[in-house]
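Chemist: Take a look at this one; I'll ask things after.
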Amino acid sequence: IAAICHGPWTLIEADAVRGKTVTSWPSLKTDLKNAGADWVDKEVVVDHGLITSRKPIDLTAFCAKMLEEFSKAQRRAA
């Protein structure tokens, strides 16, 4: 699962951030913490298959990490 910018709001609604380390657009920090996440200010974060990123300027790192993580998952499934 991957989410950037305000995408982690959807993960809050799905109760998918509790106990996870995530990042997002800075204004979501409080909502994510209230949902049980550990929020950090990094360009991309991976925690047990959950990939999150902050903003459009981080897209290069976000996309590279998604490809890396999805490739790992595909190899494990094969």
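Residues in the structure tokens are numbered from 1 in each chain, the chains being A, B, ... in the order shown, and ligands are numbered from 1 in the order shown.
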Just want the 12 Å neighbourhood of Ile12 in chain A, counted on only C-alpha atoms, with same-chain residues fewer than 3 positions away dropped. Output as a ChimeraX atom specification.
Modeler: /A:3,6-9,15-20,22,24,28-37
Chemist: Could you write those residues out with N, CA, C and O atoms, as an mmCIF file, in the first residue's frame?
Modeler:
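Final output, saved to out_3.cif:
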```cif
data_model
loop_
_atom_site.group_PDB
_atom_site.id
_atom_site.type_symbol
_atom_site.label_atom_id
_atom_site.label_comp_id
_atom_site.auth_asym_id
_atom_site.auth_seq_id
_atom_site.Cartn_x
_atom_site.Cartn_y
_atom_site.Cartn_z
ATOM 1 N N ALA A 3 0.823 5.699 -0.114
ATOM 2 C CA ALA A 3 0.033 6.925 -0.033
ATOM 3 C C ALA A 3 0.964 8.119 0.099
ATOM 4 O O ALA A 3 1.951 8.073 0.837
ATOM 5 N N HIS A 6 -2.011 13.870 1.092
ATOM 6 C CA HIS A 6 -3.161 13.710 1.973
ATOM 7 C C HIS A 6 -3.748 12.303 1.915
ATOM 8 O O HIS A 6 -4.723 12.005 2.597
ATOM 9 N N GLY A 7 -3.142 11.427 1.115
ATOM 10 C CA GLY A 7 -3.602 10.052 0.985
ATOM 11 C C GLY A 7 -3.711 9.296 2.302
ATOM 12 O O GLY A 7 -4.625 8.481 2.469
ATOM 13 N N PRO A 8 -2.816 9.534 3.271
ATOM 14 C CA PRO A 8 -2.932 8.816 4.534
ATOM 15 C C PRO A 8 -4.242 9.050 5.292
ATOM 16 O O PRO A 8 -4.592 8.273 6.173
ATOM 17 N N TRP A 9 -5.002 10.092 4.941
ATOM 18 C CA TRP A 9 -6.325 10.248 5.561
ATOM 19 C C TRP A 9 -7.184 9.018 5.280
ATOM 20 O O TRP A 9 -7.929 8.565 6.152
ATOM 21 N N ASP A 15 -8.328 2.344 9.425
ATOM 22 C CA ASP A 15 -7.615 1.906 10.639
ATOM 23 C C ASP A 15 -6.338 1.144 10.276
ATOM 24 O O ASP A 15 -6.017 0.125 10.858
ATOM 25 N N ALA A 16 -5.612 1.680 9.284
ATOM 26 C CA ALA A 16 -4.417 1.004 8.777
ATOM 27 C C ALA A 16 -3.110 1.651 9.229
ATOM 28 O O ALA A 16 -2.046 1.248 8.769
ATOM 29 N N VAL A 17 -3.177 2.652 10.109
ATOM 30 C CA VAL A 17 -1.937 3.319 10.530
ATOM 31 C C VAL A 17 -1.574 3.065 11.989
ATOM 32 O O VAL A 17 -0.465 3.385 12.413
ATOM 33 N N ARG A 18 -2.485 2.495 12.741
ATOM 34 C CA ARG A 18 -2.227 2.243 14.165
ATOM 35 C C ARG A 18 -0.960 1.397 14.332
ATOM 36 O O ARG A 18 -0.829 0.319 13.750
ATOM 37 N N GLY A 19 0.002 1.917 15.092
ATOM 38 C CA GLY A 19 1.245 1.206 15.346
ATOM 39 C C GLY A 19 2.274 1.292 14.231
ATOM 40 O O GLY A 19 3.337 0.682 14.319
ATOM 41 N N LYS A 20 1.975 2.046 13.182
ATOM 42 C CA LYS A 20 2.896 2.170 12.047
ATOM 43 C C LYS A 20 3.618 3.519 12.085
ATOM 44 O O LYS A 20 3.096 4.505 12.589
ATOM 45 N N VAL A 22 4.741 6.527 9.830
ATOM 46 C CA VAL A 22 4.294 7.083 8.550
ATOM 47 C C VAL A 22 4.750 8.526 8.423
ATOM 48 O O VAL A 22 5.163 9.164 9.386
ATOM 49 N N SER A 24 3.488 12.204 5.882
ATOM 50 C CA SER A 24 2.381 12.745 5.093
ATOM 51 C C SER A 24 2.604 14.237 4.907
ATOM 52 O O SER A 24 3.599 14.790 5.381
ATOM 53 N N LEU A 28 -1.411 16.779 8.339
ATOM 54 C CA LEU A 28 -2.062 15.546 8.776
ATOM 55 C C LEU A 28 -1.401 14.933 10.010
ATOM 56 O O LEU A 28 -1.900 13.950 10.561
ATOM 57 N N LYS A 29 -0.302 15.505 10.452
ATOM 58 C CA LYS A 29 0.467 14.958 11.573
ATOM 59 C C LYS A 29 -0.411 14.637 12.782
ATOM 60 O O LYS A 29 -0.379 13.524 13.309
ATOM 61 N N THR A 30 -1.213 15.593 13.226
ATOM 62 C CA THR A 30 -2.037 15.391 14.422
ATOM 63 C C THR A 30 -3.070 14.296 14.198
ATOM 64 O O THR A 30 -3.277 13.440 15.068
ATOM 65 N N ASP A 31 -3.724 14.297 13.039
ATOM 66 C CA ASP A 31 -4.722 13.257 12.750
ATOM 67 C C ASP A 31 -4.082 11.871 12.753
ATOM 68 O O ASP A 31 -4.662 10.918 13.287
ATOM 69 N N LEU A 32 -2.910 11.749 12.163
ATOM 70 C CA LEU A 32 -2.229 10.457 12.132
ATOM 71 C C LEU A 32 -1.805 10.018 13.525
ATOM 72 O O LEU A 32 -1.975 8.853 13.893
ATOM 73 N N LYS A 33 -1.287 10.945 14.317
ATOM 74 C CA LYS A 33 -0.909 10.601 15.694
ATOM 75 C C LYS A 33 -2.144 10.173 16.495
ATOM 76 O O LYS A 33 -2.091 9.209 17.252
ATOM 77 N N ASN A 34 -3.247 10.905 16.321
ATOM 78 C CA ASN A 34 -4.485 10.550 17.030
ATOM 79 C C ASN A 34 -5.015 9.185 16.598
ATOM 80 O O ASN A 34 -5.729 8.532 17.363
ATOM 81 N N ALA A 35 -4.674 8.764 15.397
ATOM 82 C CA ALA A 35 -5.086 7.451 14.888
ATOM 83 C C ALA A 35 -4.118 6.346 15.298
ATOM 84 O O ALA A 35 -4.283 5.194 14.897
ATOM 85 N N GLY A 36 -3.087 6.702 16.066
ATOM 86 C CA GLY A 36 -2.162 5.693 16.580
ATOM 87 C C GLY A 36 -0.887 5.510 15.800
ATOM 88 O O GLY A 36 -0.112 4.590 16.057
ATOM 89 N N ALA A 37 -0.628 6.386 14.833
ATOM 90 C CA ALA A 37 0.599 6.282 14.038
ATOM 91 C C ALA A 37 1.734 7.057 14.694
ATOM 92 O O ALA A 37 1.507 7.984 15.468
#
```
Chemist: Do a neighbour search on Val45 in chain A at 7 Å with only C-alpha atoms, toss out local chain neighbours closer than 5 positions, and write the hits as a PDB file with C-alpha atoms, in the first residue's frame.
Modeler:
```
ATOM      1  CA  VAL A  22       4.294   7.083   8.550  1.00  0.00           C
ATOM      2  CA  THR A  23       4.782  10.466   6.947  1.00  0.00           C
ATOM      3  CA  ILE A  51       4.882   3.245   1.947  1.00  0.00           C
ATOM      4  CA  THR A  52       4.137   6.898   2.709  1.00  0.00           C
ATOM      5  CA  SER A  53       5.534  10.187   1.495  1.00  0.00           C
TER       6      SER A  53
END
```
Chemist: Among chain A, which ones does DSSP assign to strand (DSSP E or B) (computed from the backbone)? Answer as a compact mmCIF listing (two decimals) with N, CA and C atoms, in the first residue's frame.
Modeler:
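Listed below is the output, result-v1.txt:
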```txt
# COMPACT_ATOMS: atom_id res chain seq x y z
N ALA A 2 0.55 2.23 -0.78
CA ALA A 2 1.34 3.45 -0.85
C ALA A 2 0.41 4.66 -0.83
N ALA A 3 0.82 5.70 -0.11
CA ALA A 3 0.03 6.93 -0.03
C ALA A 3 0.96 8.12 0.10
N ILE A 4 0.63 9.18 -0.61
CA ILE A 4 1.42 10.41 -0.55
C ILE A 4 0.50 11.58 -0.27
N THR A 21 4.81 3.55 11.53
CA THR A 21 5.54 4.80 11.32
C THR A 21 5.20 5.28 9.93
N VAL A 22 4.74 6.53 9.83
CA VAL A 22 4.29 7.08 8.55
C VAL A 22 4.75 8.53 8.42
N ASP A 38 2.94 6.68 14.36
CA ASP A 38 4.14 7.44 14.72
C ASP A 38 4.50 8.25 13.49
N TRP A 39 4.25 9.57 13.52
CA TRP A 39 4.48 10.44 12.36
C TRP A 39 5.91 10.96 12.38
N VAL A 44 10.25 9.76 2.48
CA VAL A 44 9.54 8.50 2.25
C VAL A 44 9.80 7.58 3.44
N VAL A 45 8.76 6.85 3.84
CA VAL A 45 8.84 5.94 4.97
C VAL A 45 8.21 4.61 4.57
N VAL A 46 8.85 3.51 4.95
CA VAL A 46 8.31 2.17 4.71
C VAL A 46 8.17 1.48 6.05
N ASP A 47 6.99 0.96 6.33
CA ASP A 47 6.76 0.21 7.56
C ASP A 47 5.84 -0.98 7.26
N LEU A 50 3.75 -0.70 4.15
CA LEU A 50 3.06 0.58 4.00
C LEU A 50 4.10 1.63 3.62
N ILE A 51 3.94 2.24 2.46
CA ILE A 51 4.88 3.25 1.95
C ILE A 51 4.17 4.59 1.97
N THR A 52 4.75 5.57 2.65
CA THR A 52 4.14 6.90 2.71
C THR A 52 5.17 7.96 2.38
N SER A 53 4.66 9.08 1.87
CA SER A 53 5.53 10.19 1.49
C SER A 53 4.79 11.50 1.75
```
Chemist: May I have all residues of chain A that DSSP, computed from the backbone, assigns to alpha helix (DSSP H), given as a count of residues only?
Modeler: 31
Chemist: Which residue gives the smallest distance to Ala73 in chain A among A:Gly49, A:Ser27, A:Lys42, A:Thr10, with only C-alpha atoms counted?
Modeler: A:Gly49
